[in-house]
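Student: The following block contains the structure, expressed as C-alpha cells.
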Amino acid sequence: MAYDLVIKNVQVLKPDGAVETANIFISGNKISKIDNSPAEGANVIDGRGKFAVPGFINAHTHASMTLLRSYADDKALMDWLNKDIWPIEGKMQAKDIRIGAELAAVEMIKSGTTTFADMYGPNMEEVAKIVEKSGLRGVLSRCEIFNDEKRLADNIELFKDWHGKADGRIKVMFGPHAVYSCPPEYLKKIAKTAGELGAEIHMHMNETQDEISSVMKDYGKRPFEVVAETGLLELGMLAAHCVHLSDNEIEIMKSKKVRVAHNPGSNMKLASGIAPVPKLLKENIVVGLGTDGASSNNNLDMLEEIRLAALLHKVDTLNPLEIPAFEAVKMATEYGAAAVGISDIGKLEAGYKADITLFDMSGVDWQPCYNPVSLMVYSANSSSVDTVIVDGKILMQNRELKTLDEEKIIAEFKACANRLTGK
C-alpha cells in the first residue's frame, strides 16, 4: 500500500497512555496504522527526538477576540462585558473578524491546536474562510443574544453555507449566548430551528455566581433547569464553563449527555470560580478543555490549559492524585473530541483522522526524559511544538507555517486593533 505521509521513529502517545517508538502511516486524511514496518511513503518525516500526540482540541473560544487581547483586564465578568467588550465588538466589521481569526489561527497552530470550537458575533463566515485557508478544523457558531432575530438568521445561513465544508473540517452549531442573556422563548425558538436543521448547541452555562443569582431572580430556577424546558438539551449541548452547579443540575447534565468545556485559565483570571471537574468526570460527564477568548485568558495556548487543569484541581481538593497528567491530556484530546461532537479525532489510532502534533524534545525543559507525558504537562511549553498536521496535511513543520503568512497577518492585525480601540 502507498502511504501519503509517514512519521518515522517517533515516540507515540497511545490511547491507553503508554508511549512507544513507532512509525505513523497516513493515507489521505486518516491514520492507516502505527507500527514498526518499513517507513516508506510519498513524504517521510524523521520523528527522532519528537513526541507525537493527538492534536489539541480547544473546546471553547472566541477566535476573533484576539483583537481585544490586553484591552480590558482585571475586571469582573459583567463589568468587563458591558463596559468594555460588547461596545468594542459592536464596532467590528467583516474585515476585523477575518483578521482576528487569522491571528488566532497562527497562535493555535503554533501551540499545537488542530480543532477549535468558536462562538462569536456577526460575519462568522469570515472565520469559516480562515478555517478553510489555514487547514484547521473548526466547530463554528453565531452567538445569539437578546432575542435578536437577525443573529438567529445569521446562524441559519452559516449552517447552510458552511456545515460540512472545507473537506468536512467545518461543523456548525447554534450558539445561544447564555440563559441570563437569552429569554426562554428565544431559546425555544433556537432549539426548534437548530433541531430542524440537525444542528447541536454551544452555550455558556453557569459561569459565575452573579449569573446564577440573576437567573434565579428572573425565573425562579437555576440555568440548567431553565434550559431543560426549552428543548436545547435534546439536540446535544457543548456547555462552556459549568463552574457553579447544583446536584440537580448535574443530574440533568448526566441524563441529557451534556458535554462540558472547562476553561480553567479564564475562570481563574475572571475569578469566576473552580468548576467541579473531578465530580463531573466521576459522574461520566464528558469534560473537554477550552481557552475561552484571548481577552479573558489572554492566550489560546492549550498546553497551558492542560497544565492548569492538572494543577488547579489538585490544590482545590488538596489531593495530589486528582487529574493526573494523562487525564489532563485526554481532556484536551479524546474528551475534547467528544465535547465538540467529532468521533474520529482525539486519538492516535488506525482509522482516526490524521490530526497530529509533534513536540521537539531536544530542549532543556524535556531533560531528563523519564516520562514524556509528565514532561509535556508539567515542564514543557508550547514553543516546543515543532510540527502540526490536520486531516493528513502539514500546517507547520520545523516551526515554519505552511498555510499562513504570520508576518503579514501581524502587521494587518496591529492596524486593525488600533482602529477599533484607539490604543
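Residue numbering restarts at 1 for every chain of the C-alpha cells, chains are lettered A, B, ... in their displayed order, and ligands are numbered from 1 as they appear.
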List the spatial neighbours of Gly55 (chain A) as an MDAnalysis selection string - criterion: any atom at most 6 Å away, only C-alpha atoms, same-chain residues fewer than 2 positions off excluded.
Tutor: chainID A and resid 113:114 355:357
Student: Based on the backbone DSSP call, show me all residues of region 140-269 of chain A assigned alpha helix (DSSP H), as a CSV table (one decimal) with all heavy atoms, in the first residue's frame.
Tutor:
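The resulting out_6.csv:
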```csv
chain,number,residue,atom,x,y,z
A,149,GLU,N,-33.5,38.4,16.2
A,149,GLU,CA,-33.9,37.5,15.1
A,149,GLU,C,-32.8,37.5,14.0
A,149,GLU,O,-32.6,36.5,13.4
A,149,GLU,CB,-35.2,38.0,14.5
A,149,GLU,CG,-36.4,37.8,15.4
A,149,GLU,CD,-36.8,36.4,15.6
A,149,GLU,OE1,-36.4,35.5,14.8
A,149,GLU,OE2,-37.4,36.1,16.6
A,150,LYS,N,-32.1,38.6,13.9
A,150,LYS,CA,-31.0,38.7,12.8
A,150,LYS,C,-29.9,37.7,13.1
A,150,LYS,O,-29.4,37.1,12.2
A,150,LYS,CB,-30.5,40.1,12.8
A,150,LYS,CG,-29.3,40.3,11.8
A,150,LYS,CD,-29.6,40.0,10.4
A,150,LYS,CE,-28.6,40.5,9.4
A,150,LYS,NZ,-27.3,39.9,9.6
A,151,ARG,N,-29.5,37.6,14.4
A,151,ARG,CA,-28.5,36.7,14.8
A,151,ARG,C,-28.9,35.3,14.5
A,151,ARG,O,-28.0,34.5,14.1
A,151,ARG,CB,-28.1,36.9,16.3
A,151,ARG,CG,-27.5,38.2,16.6
A,151,ARG,CD,-27.3,38.5,18.1
A,151,ARG,NE,-26.8,39.8,18.4
A,151,ARG,CZ,-25.6,40.0,18.9
A,151,ARG,NH1,-24.8,39.0,19.1
A,151,ARG,NH2,-25.1,41.2,19.2
A,152,LEU,N,-30.1,34.9,14.8
A,152,LEU,CA,-30.6,33.6,14.5
A,152,LEU,C,-30.6,33.3,13.0
A,152,LEU,O,-30.1,32.2,12.6
A,152,LEU,CB,-32.0,33.4,15.1
A,152,LEU,CG,-32.7,32.0,14.9
A,152,LEU,CD1,-31.8,30.9,15.5
A,152,LEU,CD2,-34.0,32.0,15.6
A,153,ALA,N,-31.0,34.3,12.2
A,153,ALA,CA,-30.9,34.1,10.8
A,153,ALA,C,-29.5,34.0,10.3
A,153,ALA,O,-29.2,33.2,9.4
A,153,ALA,CB,-31.6,35.3,10.1
A,154,ASP,N,-28.6,34.7,10.9
A,154,ASP,CA,-27.2,34.6,10.5
A,154,ASP,C,-26.7,33.1,10.8
A,154,ASP,O,-25.9,32.6,10.0
A,154,ASP,CB,-26.3,35.5,11.4
A,154,ASP,CG,-26.4,37.0,10.9
A,154,ASP,OD1,-27.0,37.2,9.9
A,154,ASP,OD2,-26.0,37.9,11.7
A,155,ASN,N,-27.1,32.6,11.9
A,155,ASN,CA,-26.6,31.2,12.2
A,155,ASN,C,-27.2,30.2,11.3
A,155,ASN,O,-26.6,29.2,10.9
A,155,ASN,CB,-27.0,30.8,13.7
A,155,ASN,CG,-26.0,29.9,14.3
A,155,ASN,OD1,-25.8,29.9,15.5
A,155,ASN,ND2,-25.4,29.0,13.5
A,156,ILE,N,-28.5,30.4,10.9
A,156,ILE,CA,-29.1,29.5,9.9
A,156,ILE,C,-28.3,29.6,8.6
A,156,ILE,O,-28.0,28.6,7.9
A,156,ILE,CB,-30.6,29.9,9.6
A,156,ILE,CG1,-31.4,29.7,10.9
A,156,ILE,CG2,-31.1,29.2,8.4
A,156,ILE,CD1,-32.8,30.3,10.8
A,157,GLU,N,-27.9,30.8,8.1
A,157,GLU,CA,-27.2,31.0,6.9
A,157,GLU,C,-25.8,30.3,7.0
A,157,GLU,O,-25.3,29.7,6.1
A,157,GLU,CB,-27.0,32.5,6.6
A,157,GLU,CG,-26.4,32.8,5.3
A,157,GLU,CD,-26.4,34.2,4.9
A,157,GLU,OE1,-26.9,35.0,5.7
A,157,GLU,OE2,-25.8,34.6,3.9
A,158,LEU,N,-25.2,30.5,8.2
A,158,LEU,CA,-23.8,29.9,8.4
A,158,LEU,C,-23.9,28.4,8.3
A,158,LEU,O,-23.1,27.8,7.7
A,158,LEU,CB,-23.3,30.3,9.8
A,158,LEU,CG,-21.9,29.8,10.2
A,158,LEU,CD1,-20.9,30.5,9.4
A,158,LEU,CD2,-21.7,30.0,11.7
A,159,PHE,N,-25.0,27.8,8.9
A,159,PHE,CA,-25.1,26.4,8.8
A,159,PHE,C,-25.3,25.9,7.4
A,159,PHE,O,-24.7,24.9,6.9
A,159,PHE,CB,-26.3,25.9,9.7
A,159,PHE,CG,-26.5,24.4,9.8
A,159,PHE,CD1,-25.9,23.7,10.8
A,159,PHE,CD2,-27.2,23.7,8.8
A,159,PHE,CE1,-26.0,22.3,10.9
A,159,PHE,CE2,-27.3,22.3,8.9
A,159,PHE,CZ,-26.7,21.7,9.9
A,160,LYS,N,-26.2,26.6,6.6
A,160,LYS,CA,-26.5,26.1,5.3
A,160,LYS,C,-25.3,26.3,4.3
A,160,LYS,O,-25.1,25.5,3.4
A,160,LYS,CB,-27.7,26.9,4.7
A,160,LYS,CG,-29.0,26.5,5.4
A,160,LYS,CD,-30.2,27.3,4.9
A,160,LYS,CE,-31.5,26.8,5.5
A,160,LYS,NZ,-32.7,27.6,5.0
A,161,ASP,N,-24.5,27.4,4.6
A,161,ASP,CA,-23.4,27.7,3.7
A,161,ASP,C,-22.1,26.9,4.0
A,161,ASP,O,-21.3,26.6,3.1
A,161,ASP,CB,-23.1,29.2,3.7
A,161,ASP,CG,-24.2,30.0,3.1
A,161,ASP,OD1,-25.0,29.4,2.4
A,161,ASP,OD2,-24.1,31.3,3.3
A,162,TRP,N,-21.9,26.6,5.3
A,162,TRP,CA,-20.6,26.1,5.7
A,162,TRP,C,-20.6,24.7,6.4
A,162,TRP,O,-19.5,24.1,6.5
A,162,TRP,CB,-19.9,27.1,6.6
A,162,TRP,CG,-19.4,28.3,5.8
A,162,TRP,CD1,-20.1,29.5,5.7
A,162,TRP,CD2,-18.2,28.4,5.0
A,162,TRP,NE1,-19.3,30.3,4.9
A,162,TRP,CE2,-18.2,29.7,4.5
A,162,TRP,CE3,-17.2,27.5,4.8
A,162,TRP,CZ2,-17.2,30.1,3.6
A,162,TRP,CZ3,-16.2,27.9,3.9
A,162,TRP,CH2,-16.1,29.2,3.4
A,184,PRO,N,-36.3,32.6,27.7
A,184,PRO,CA,-36.7,31.2,27.4
A,184,PRO,C,-37.4,31.1,26.0
A,184,PRO,O,-37.1,30.1,25.3
A,184,PRO,CB,-37.6,30.9,28.5
A,184,PRO,CG,-37.1,31.7,29.7
A,184,PRO,CD,-36.7,33.0,29.1
A,185,GLU,N,-38.2,32.0,25.7
A,185,GLU,CA,-38.9,31.9,24.4
A,185,GLU,C,-38.0,32.0,23.2
A,185,GLU,O,-38.2,31.3,22.2
A,185,GLU,CB,-40.0,33.0,24.3
A,185,GLU,CG,-41.2,32.8,25.2
A,185,GLU,CD,-41.8,31.4,25.2
A,185,GLU,OE1,-42.1,31.0,24.0
A,185,GLU,OE2,-42.0,30.8,26.2
A,186,TYR,N,-36.9,32.8,23.4
A,186,TYR,CA,-35.9,32.9,22.3
A,186,TYR,C,-35.1,31.5,22.3
A,186,TYR,O,-34.8,31.0,21.2
A,186,TYR,CB,-35.0,34.0,22.7
A,186,TYR,CG,-33.9,34.4,21.6
A,186,TYR,CD1,-34.3,34.4,20.3
A,186,TYR,CD2,-32.6,34.7,22.0
A,186,TYR,CE1,-33.3,34.8,19.3
A,186,TYR,CE2,-31.7,35.1,21.0
A,186,TYR,CZ,-32.0,35.1,19.7
A,186,TYR,OH,-31.1,35.5,18.8
A,187,LEU,N,-34.8,31.0,23.4
A,187,LEU,CA,-34.1,29.7,23.5
A,187,LEU,C,-35.0,28.6,22.8
A,187,LEU,O,-34.4,27.7,22.1
A,187,LEU,CB,-33.8,29.3,24.9
A,187,LEU,CG,-32.8,30.2,25.6
A,187,LEU,CD1,-32.6,29.8,27.1
A,187,LEU,CD2,-31.4,30.3,24.9
A,188,LYS,N,-36.3,28.6,23.0
A,188,LYS,CA,-37.1,27.6,22.4
A,188,LYS,C,-37.1,27.8,20.9
A,188,LYS,O,-37.2,26.8,20.2
A,188,LYS,CB,-38.6,27.8,23.0
A,188,LYS,CG,-38.7,27.3,24.4
A,188,LYS,CD,-40.1,27.6,24.9
A,188,LYS,CE,-40.3,27.2,26.4
A,188,LYS,NZ,-41.6,27.5,26.9
A,189,LYS,N,-37.1,29.0,20.4
A,189,LYS,CA,-37.1,29.3,19.0
A,189,LYS,C,-35.8,28.8,18.4
A,189,LYS,O,-35.7,28.1,17.3
A,189,LYS,CB,-37.2,30.8,18.7
A,189,LYS,CG,-37.4,31.1,17.3
A,189,LYS,CD,-37.6,32.6,17.1
A,189,LYS,CE,-39.0,33.0,17.7
A,189,LYS,NZ,-39.2,34.5,17.5
A,190,ILE,N,-34.7,29.0,19.1
A,190,ILE,CA,-33.4,28.5,18.7
A,190,ILE,C,-33.4,27.0,18.6
A,190,ILE,O,-32.9,26.3,17.7
A,190,ILE,CB,-32.2,29.0,19.6
A,190,ILE,CG1,-32.1,30.5,19.4
A,190,ILE,CG2,-30.9,28.3,19.2
A,190,ILE,CD1,-31.2,31.2,20.5
A,191,ALA,N,-33.9,26.4,19.7
A,191,ALA,CA,-34.0,24.9,19.7
A,191,ALA,C,-34.8,24.3,18.6
A,191,ALA,O,-34.4,23.3,17.9
A,191,ALA,CB,-34.6,24.5,21.1
A,192,LYS,N,-35.9,24.9,18.3
A,192,LYS,CA,-36.8,24.5,17.2
A,192,LYS,C,-36.0,24.6,15.8
A,192,LYS,O,-36.0,23.6,15.0
A,192,LYS,CB,-38.1,25.3,17.1
A,192,LYS,CG,-39.0,24.8,16.0
A,192,LYS,CD,-40.3,25.6,16.1
A,192,LYS,CE,-41.4,25.1,15.1
A,192,LYS,NZ,-40.9,25.3,13.7
A,193,THR,N,-35.4,25.7,15.6
A,193,THR,CA,-34.6,26.0,14.4
A,193,THR,C,-33.5,25.0,14.2
A,193,THR,O,-33.3,24.4,13.2
A,193,THR,CB,-34.2,27.4,14.3
A,193,THR,OG1,-35.3,28.3,14.5
A,193,THR,CG2,-33.5,27.7,13.0
A,194,ALA,N,-32.7,24.9,15.3
A,194,ALA,CA,-31.5,24.0,15.2
A,194,ALA,C,-31.9,22.6,15.0
A,194,ALA,O,-31.3,21.8,14.3
A,194,ALA,CB,-30.7,24.2,16.5
A,195,GLY,N,-33.0,22.2,15.7
A,195,GLY,CA,-33.5,20.8,15.6
A,195,GLY,C,-33.9,20.5,14.2
A,195,GLY,O,-33.7,19.4,13.7
A,196,GLU,N,-34.6,21.4,13.5
A,196,GLU,CA,-35.0,21.2,12.1
A,196,GLU,C,-33.8,21.0,11.2
A,196,GLU,O,-33.9,20.3,10.2
A,196,GLU,CB,-35.9,22.4,11.7
A,196,GLU,CG,-37.2,22.4,12.4
A,196,GLU,CD,-38.0,23.7,12.1
A,196,GLU,OE1,-37.4,24.6,11.5
A,196,GLU,OE2,-39.2,23.8,12.5
A,197,LEU,N,-32.7,21.7,11.5
A,197,LEU,CA,-31.5,21.6,10.7
A,197,LEU,C,-30.6,20.4,11.1
A,197,LEU,O,-29.7,20.0,10.3
A,197,LEU,CB,-30.7,22.9,10.7
A,197,LEU,CG,-31.4,24.1,10.1
A,197,LEU,CD1,-30.6,25.3,10.4
A,197,LEU,CD2,-31.5,23.9,8.6
A,209,GLN,N,-21.4,33.2,40.0
A,209,GLN,CA,-22.4,33.2,41.0
A,209,GLN,C,-23.4,34.3,40.7
A,209,GLN,O,-24.7,34.2,40.9
A,209,GLN,CB,-21.8,33.5,42.4
A,209,GLN,CG,-21.0,32.3,42.9
A,209,GLN,CD,-21.9,31.2,43.5
A,209,GLN,OE1,-23.1,31.1,43.2
A,209,GLN,NE2,-21.3,30.4,44.3
A,210,ASP,N,-23.0,35.5,40.1
A,210,ASP,CA,-23.9,36.6,39.8
A,210,ASP,C,-24.9,36.1,38.7
A,210,ASP,O,-26.0,36.5,38.7
A,210,ASP,CB,-23.1,37.8,39.3
A,210,ASP,CG,-22.4,38.5,40.4
A,210,ASP,OD1,-22.8,38.3,41.6
A,210,ASP,OD2,-21.5,39.4,40.1
A,211,GLU,N,-24.4,35.3,37.7
A,211,GLU,CA,-25.2,34.8,36.7
A,211,GLU,C,-26.3,33.9,37.3
A,211,GLU,O,-27.5,34.1,36.9
A,211,GLU,CB,-24.4,34.0,35.7
A,211,GLU,CG,-25.2,33.2,34.7
A,211,GLU,CD,-24.3,32.2,33.9
A,211,GLU,OE1,-23.1,32.3,33.9
A,211,GLU,OE2,-24.9,31.3,33.3
A,212,ILE,N,-25.9,33.1,38.2
A,212,ILE,CA,-26.9,32.2,38.9
A,212,ILE,C,-28.0,33.0,39.6
A,212,ILE,O,-29.2,32.7,39.4
A,212,ILE,CB,-26.2,31.2,39.9
A,212,ILE,CG1,-25.1,30.5,39.3
A,212,ILE,CG2,-27.3,30.3,40.5
A,212,ILE,CD1,-25.4,29.5,38.2
A,213,SER,N,-27.5,34.0,40.3
A,213,SER,CA,-28.5,34.9,41.1
A,213,SER,C,-29.4,35.6,40.1
A,213,SER,O,-30.6,35.7,40.4
A,213,SER,CB,-27.7,35.9,41.9
A,213,SER,OG,-26.9,35.2,42.8
A,214,SER,N,-28.9,36.1,39.0
A,214,SER,CA,-29.7,36.8,38.0
A,214,SER,C,-30.8,35.9,37.4
A,214,SER,O,-32.0,36.2,37.3
A,214,SER,CB,-28.9,37.3,36.9
A,214,SER,OG,-29.6,37.9,35.9
A,215,VAL,N,-30.4,34.7,37.1
A,215,VAL,CA,-31.4,33.7,36.5
A,215,VAL,C,-32.4,33.3,37.5
A,215,VAL,O,-33.6,33.2,37.3
A,215,VAL,CB,-30.6,32.5,35.9
A,215,VAL,CG1,-31.6,31.4,35.5
A,215,VAL,CG2,-29.8,32.9,34.8
A,216,MET,N,-32.0,33.1,38.8
A,216,MET,CA,-32.9,32.7,39.9
A,216,MET,C,-33.9,33.8,40.1
A,216,MET,O,-35.1,33.5,40.3
A,216,MET,CB,-32.1,32.4,41.1
A,216,MET,CG,-31.3,31.1,41.1
A,216,MET,SD,-32.4,29.6,41.2
A,216,MET,CE,-33.0,29.8,42.9
A,217,LYS,N,-33.4,35.0,40.0
A,217,LYS,CA,-34.3,36.2,40.3
A,217,LYS,C,-35.4,36.3,39.2
A,217,LYS,O,-36.5,36.6,39.4
A,217,LYS,CB,-33.5,37.5,40.3
A,217,LYS,CG,-34.3,38.7,40.5
A,217,LYS,CD,-33.4,40.0,40.6
A,217,LYS,CE,-34.3,41.2,40.7
A,217,LYS,NZ,-33.4,42.5,40.7
A,218,ASP,N,-34.9,36.1,37.9
A,218,ASP,CA,-35.8,36.2,36.8
A,218,ASP,C,-36.8,35.1,36.6
A,218,ASP,O,-37.9,35.3,36.2
A,218,ASP,CB,-35.0,36.4,35.5
A,218,ASP,CG,-34.3,37.7,35.4
A,218,ASP,OD1,-34.7,38.6,36.2
A,218,ASP,OD2,-33.4,37.9,34.6
A,219,TYR,N,-36.3,33.8,36.9
A,219,TYR,CA,-37.1,32.7,36.5
A,219,TYR,C,-37.4,31.7,37.7
A,219,TYR,O,-38.1,30.7,37.5
A,219,TYR,CB,-36.4,31.9,35.4
A,219,TYR,CG,-36.1,32.7,34.2
A,219,TYR,CD1,-34.7,33.0,33.8
A,219,TYR,CD2,-37.1,33.3,33.4
A,219,TYR,CE1,-34.4,33.8,32.8
A,219,TYR,CE2,-36.8,34.2,32.4
A,219,TYR,CZ,-35.4,34.4,32.0
A,219,TYR,OH,-35.1,35.2,31.0
A,223,PRO,N,-29.9,27.9,35.9
A,223,PRO,CA,-29.8,27.9,34.4
A,223,PRO,C,-30.1,26.5,33.7
A,223,PRO,O,-30.8,26.5,32.8
A,223,PRO,CB,-28.3,28.3,34.2
A,223,PRO,CG,-28.0,29.2,35.4
A,223,PRO,CD,-28.7,28.6,36.5
A,224,PHE,N,-29.5,25.4,34.2
A,224,PHE,CA,-29.8,24.2,33.5
A,224,PHE,C,-31.3,23.7,33.7
A,224,PHE,O,-31.8,23.1,32.8
A,224,PHE,CB,-28.9,23.1,34.0
A,224,PHE,CG,-27.6,22.9,33.3
A,224,PHE,CD1,-26.4,23.4,33.8
A,224,PHE,CD2,-27.6,22.4,32.0
A,224,PHE,CE1,-25.2,23.3,33.1
A,224,PHE,CE2,-26.4,22.3,31.2
A,224,PHE,CZ,-25.2,22.8,31.8
A,225,GLU,N,-31.9,24.2,34.8
A,225,GLU,CA,-33.3,23.9,35.0
A,225,GLU,C,-34.1,24.7,34.0
A,225,GLU,O,-35.2,24.2,33.5
A,225,GLU,CB,-33.7,24.2,36.4
A,225,GLU,CG,-33.0,23.3,37.4
A,225,GLU,CD,-33.1,23.7,38.9
A,225,GLU,OE1,-33.5,24.9,39.1
A,225,GLU,OE2,-32.9,22.9,39.8
A,226,VAL,N,-33.7,25.9,33.7
A,226,VAL,CA,-34.4,26.7,32.7
A,226,VAL,C,-34.2,26.1,31.3
A,226,VAL,O,-35.2,25.9,30.5
A,226,VAL,CB,-33.9,28.1,32.7
A,226,VAL,CG1,-34.5,28.9,31.5
A,226,VAL,CG2,-34.2,28.8,34.0
A,227,VAL,N,-33.0,25.8,31.0
A,227,VAL,CA,-32.6,25.3,29.6
A,227,VAL,C,-33.3,23.9,29.4
A,227,VAL,O,-33.7,23.6,28.3
A,227,VAL,CB,-31.1,25.1,29.5
A,227,VAL,CG1,-30.7,24.3,28.3
A,227,VAL,CG2,-30.5,26.5,29.3
A,247,ASP,N,-26.6,19.8,42.6
A,247,ASP,CA,-26.7,18.4,42.3
A,247,ASP,C,-27.8,18.1,41.3
A,247,ASP,O,-27.6,17.2,40.5
A,247,ASP,CB,-27.0,17.6,43.7
A,247,ASP,CG,-25.9,17.6,44.6
A,247,ASP,OD1,-24.7,17.9,44.2
A,247,ASP,OD2,-26.1,17.4,45.8
A,248,ASN,N,-28.9,18.8,41.3
A,248,ASN,CA,-30.0,18.6,40.4
A,248,ASN,C,-29.5,18.9,38.9
A,248,ASN,O,-29.8,18.2,38.0
A,248,ASN,CB,-31.2,19.4,40.7
A,248,ASN,CG,-32.4,19.1,39.8
A,248,ASN,OD1,-32.7,17.9,39.6
A,248,ASN,ND2,-33.0,20.1,39.2
A,249,GLU,N,-28.7,20.0,38.8
A,249,GLU,CA,-28.2,20.3,37.5
A,249,GLU,C,-27.3,19.3,37.0
A,249,GLU,O,-27.3,18.9,35.8
A,249,GLU,CB,-27.5,21.7,37.6
A,249,GLU,CG,-28.5,22.8,37.7
A,249,GLU,CD,-27.8,24.2,37.7
A,249,GLU,OE1,-27.1,24.4,38.7
A,249,GLU,OE2,-28.1,25.0,36.8
A,250,ILE,N,-26.4,18.7,37.8
A,250,ILE,CA,-25.5,17.6,37.4
A,250,ILE,C,-26.3,16.4,37.0
A,250,ILE,O,-26.0,15.8,36.0
A,250,ILE,CB,-24.5,17.3,38.5
A,250,ILE,CG1,-23.6,18.5,38.7
A,250,ILE,CG2,-23.8,16.0,38.2
A,250,ILE,CD1,-22.6,18.3,39.9
A,251,GLU,N,-27.4,16.1,37.6
A,251,GLU,CA,-28.3,15.0,37.2
A,251,GLU,C,-28.9,15.3,35.8
A,251,GLU,O,-29.0,14.4,35.0
A,251,GLU,CB,-29.4,14.8,38.2
A,251,GLU,CG,-28.9,14.1,39.5
A,251,GLU,CD,-28.3,12.8,39.2
A,251,GLU,OE1,-28.8,12.0,38.4
A,251,GLU,OE2,-27.2,12.5,39.8
A,252,ILE,N,-29.3,16.6,35.6
A,252,ILE,CA,-29.8,16.9,34.3
A,252,ILE,C,-28.8,16.8,33.2
A,252,ILE,O,-29.0,16.2,32.2
A,252,ILE,CB,-30.3,18.4,34.3
A,252,ILE,CG1,-31.6,18.6,35.2
A,252,ILE,CG2,-30.6,18.9,32.9
A,252,ILE,CD1,-32.0,20.0,35.4
A,253,MET,N,-27.5,17.2,33.5
A,253,MET,CA,-26.4,17.1,32.6
A,253,MET,C,-26.2,15.6,32.2
A,253,MET,O,-25.9,15.2,31.1
A,253,MET,CB,-25.2,17.7,33.1
A,253,MET,CG,-25.3,19.2,33.3
A,253,MET,SD,-24.0,20.0,34.3
A,253,MET,CE,-22.6,19.8,33.2
A,254,LYS,N,-26.2,14.8,33.3
A,254,LYS,CA,-26.0,13.3,33.0
A,254,LYS,C,-27.1,12.7,32.1
A,254,LYS,O,-26.8,12.0,31.2
A,254,LYS,CB,-25.9,12.6,34.4
A,254,LYS,CG,-24.7,12.7,35.2
A,254,LYS,CD,-24.8,11.9,36.5
A,254,LYS,CE,-25.1,10.4,36.3
A,254,LYS,NZ,-25.1,9.7,37.6
A,255,SER,N,-28.3,13.0,32.5
A,255,SER,CA,-29.4,12.4,31.7
A,255,SER,C,-29.5,12.9,30.3
A,255,SER,O,-29.9,12.1,29.4
A,255,SER,CB,-30.7,12.7,32.5
A,255,SER,OG,-31.1,14.1,32.4
A,256,LYS,N,-29.0,14.1,30.0
A,256,LYS,CA,-29.1,14.7,28.7
A,256,LYS,C,-27.8,14.6,28.0
A,256,LYS,O,-27.6,15.2,26.9
A,256,LYS,CB,-29.6,16.1,28.8
A,256,LYS,CG,-31.0,16.3,29.3
A,256,LYS,CD,-32.0,15.5,28.5
A,256,LYS,CE,-33.5,15.7,29.1
A,256,LYS,NZ,-34.5,15.0,28.3
A,264,PRO,N,-10.1,26.6,32.6
A,264,PRO,CA,-9.5,27.0,33.9
A,264,PRO,C,-8.8,28.3,33.9
A,264,PRO,O,-8.9,29.1,34.9
A,264,PRO,CB,-8.5,25.9,34.2
A,264,PRO,CG,-8.3,25.2,32.9
A,264,PRO,CD,-9.6,25.4,32.1
A,265,GLY,N,-8.1,28.7,32.8
A,265,GLY,CA,-7.4,30.0,32.8
A,265,GLY,C,-8.3,31.1,32.8
A,265,GLY,O,-8.1,32.1,33.7
A,266,SER,N,-9.3,31.1,32.0
A,266,SER,CA,-10.3,32.2,32.0
A,266,SER,C,-11.1,32.3,33.3
A,266,SER,O,-11.3,33.4,33.9
A,266,SER,CB,-11.3,32.1,30.9
A,266,SER,OG,-12.3,33.0,30.9
A,267,ASN,N,-11.5,31.2,33.9
A,267,ASN,CA,-12.2,31.2,35.1
A,267,ASN,C,-11.4,31.7,36.3
A,267,ASN,O,-11.9,32.4,37.2
A,267,ASN,CB,-12.7,29.8,35.5
A,267,ASN,CG,-13.8,29.2,34.5
A,267,ASN,OD1,-14.0,28.0,34.4
A,267,ASN,ND2,-14.4,30.1,33.7
A,268,MET,N,-10.1,31.4,36.3
A,268,MET,CA,-9.2,31.9,37.3
A,268,MET,C,-9.0,33.4,37.1
A,268,MET,O,-9.1,34.2,38.1
A,268,MET,CB,-7.9,31.2,37.2
A,268,MET,CG,-7.9,29.7,37.6
A,268,MET,SD,-6.5,28.8,37.2
A,268,MET,CE,-5.3,29.5,38.4
A,269,LYS,N,-8.8,33.9,35.9
A,269,LYS,CA,-8.5,35.3,35.7
A,269,LYS,C,-9.7,36.2,36.0
A,269,LYS,O,-9.6,37.3,36.6
A,269,LYS,CB,-8.1,35.5,34.2
A,269,LYS,CG,-7.7,37.0,33.9
A,269,LYS,CD,-7.0,37.0,32.5
A,269,LYS,CE,-6.7,38.5,32.2
A,269,LYS,NZ,-7.9,39.2,31.6
```
Student: Find the residues near Leu68 (chain A): any atom within 8 Å, counting only C-alpha atoms, skip ones fewer than 3 places away on the same chain, and give them as JSON, numbers by chain.
Tutor: {"A": [65, 71, 72, 85, 294, 295, 417]}
Student: Kindly save the residues from that selection, with N, CA, C and O atoms included, as a short mmCIF file (atom, residue, chain, number, x, y, z; two decimals), in the first residue's frame.
Tutor:
```cif
data_model
loop_
_atom_site.label_atom_id
_atom_site.label_comp_id
_atom_site.auth_asym_id
_atom_site.auth_seq_id
_atom_site.Cartn_x
_atom_site.Cartn_y
_atom_site.Cartn_z
N MET A 65 -11.57 37.42 19.09
CA MET A 65 -11.34 38.23 20.27
C MET A 65 -9.84 38.46 20.50
O MET A 65 -9.46 39.20 21.41
N TYR A 71 -6.85 44.50 26.16
CA TYR A 71 -7.63 45.74 26.08
C TYR A 71 -8.29 46.09 27.40
O TYR A 71 -8.33 47.25 27.81
N ALA A 72 -8.83 45.08 28.11
CA ALA A 72 -9.52 45.33 29.37
C ALA A 72 -9.31 44.13 30.28
O ALA A 72 -9.92 43.08 30.09
N ILE A 85 -16.09 45.10 26.53
CA ILE A 85 -16.05 44.16 25.41
C ILE A 85 -17.19 44.37 24.42
O ILE A 85 -16.97 44.56 23.22
N ALA A 294 -9.20 35.33 23.82
CA ALA A 294 -7.88 35.89 24.17
C ALA A 294 -7.97 37.20 24.92
O ALA A 294 -6.95 37.79 25.24
N SER A 295 -9.18 37.65 25.21
CA SER A 295 -9.34 38.84 26.04
C SER A 295 -9.60 38.48 27.50
O SER A 295 -9.51 39.33 28.38
N ALA A 417 -6.49 46.55 15.18
CA ALA A 417 -6.70 46.70 16.63
C ALA A 417 -6.63 48.18 17.04
O ALA A 417 -7.44 48.65 17.84
#
```
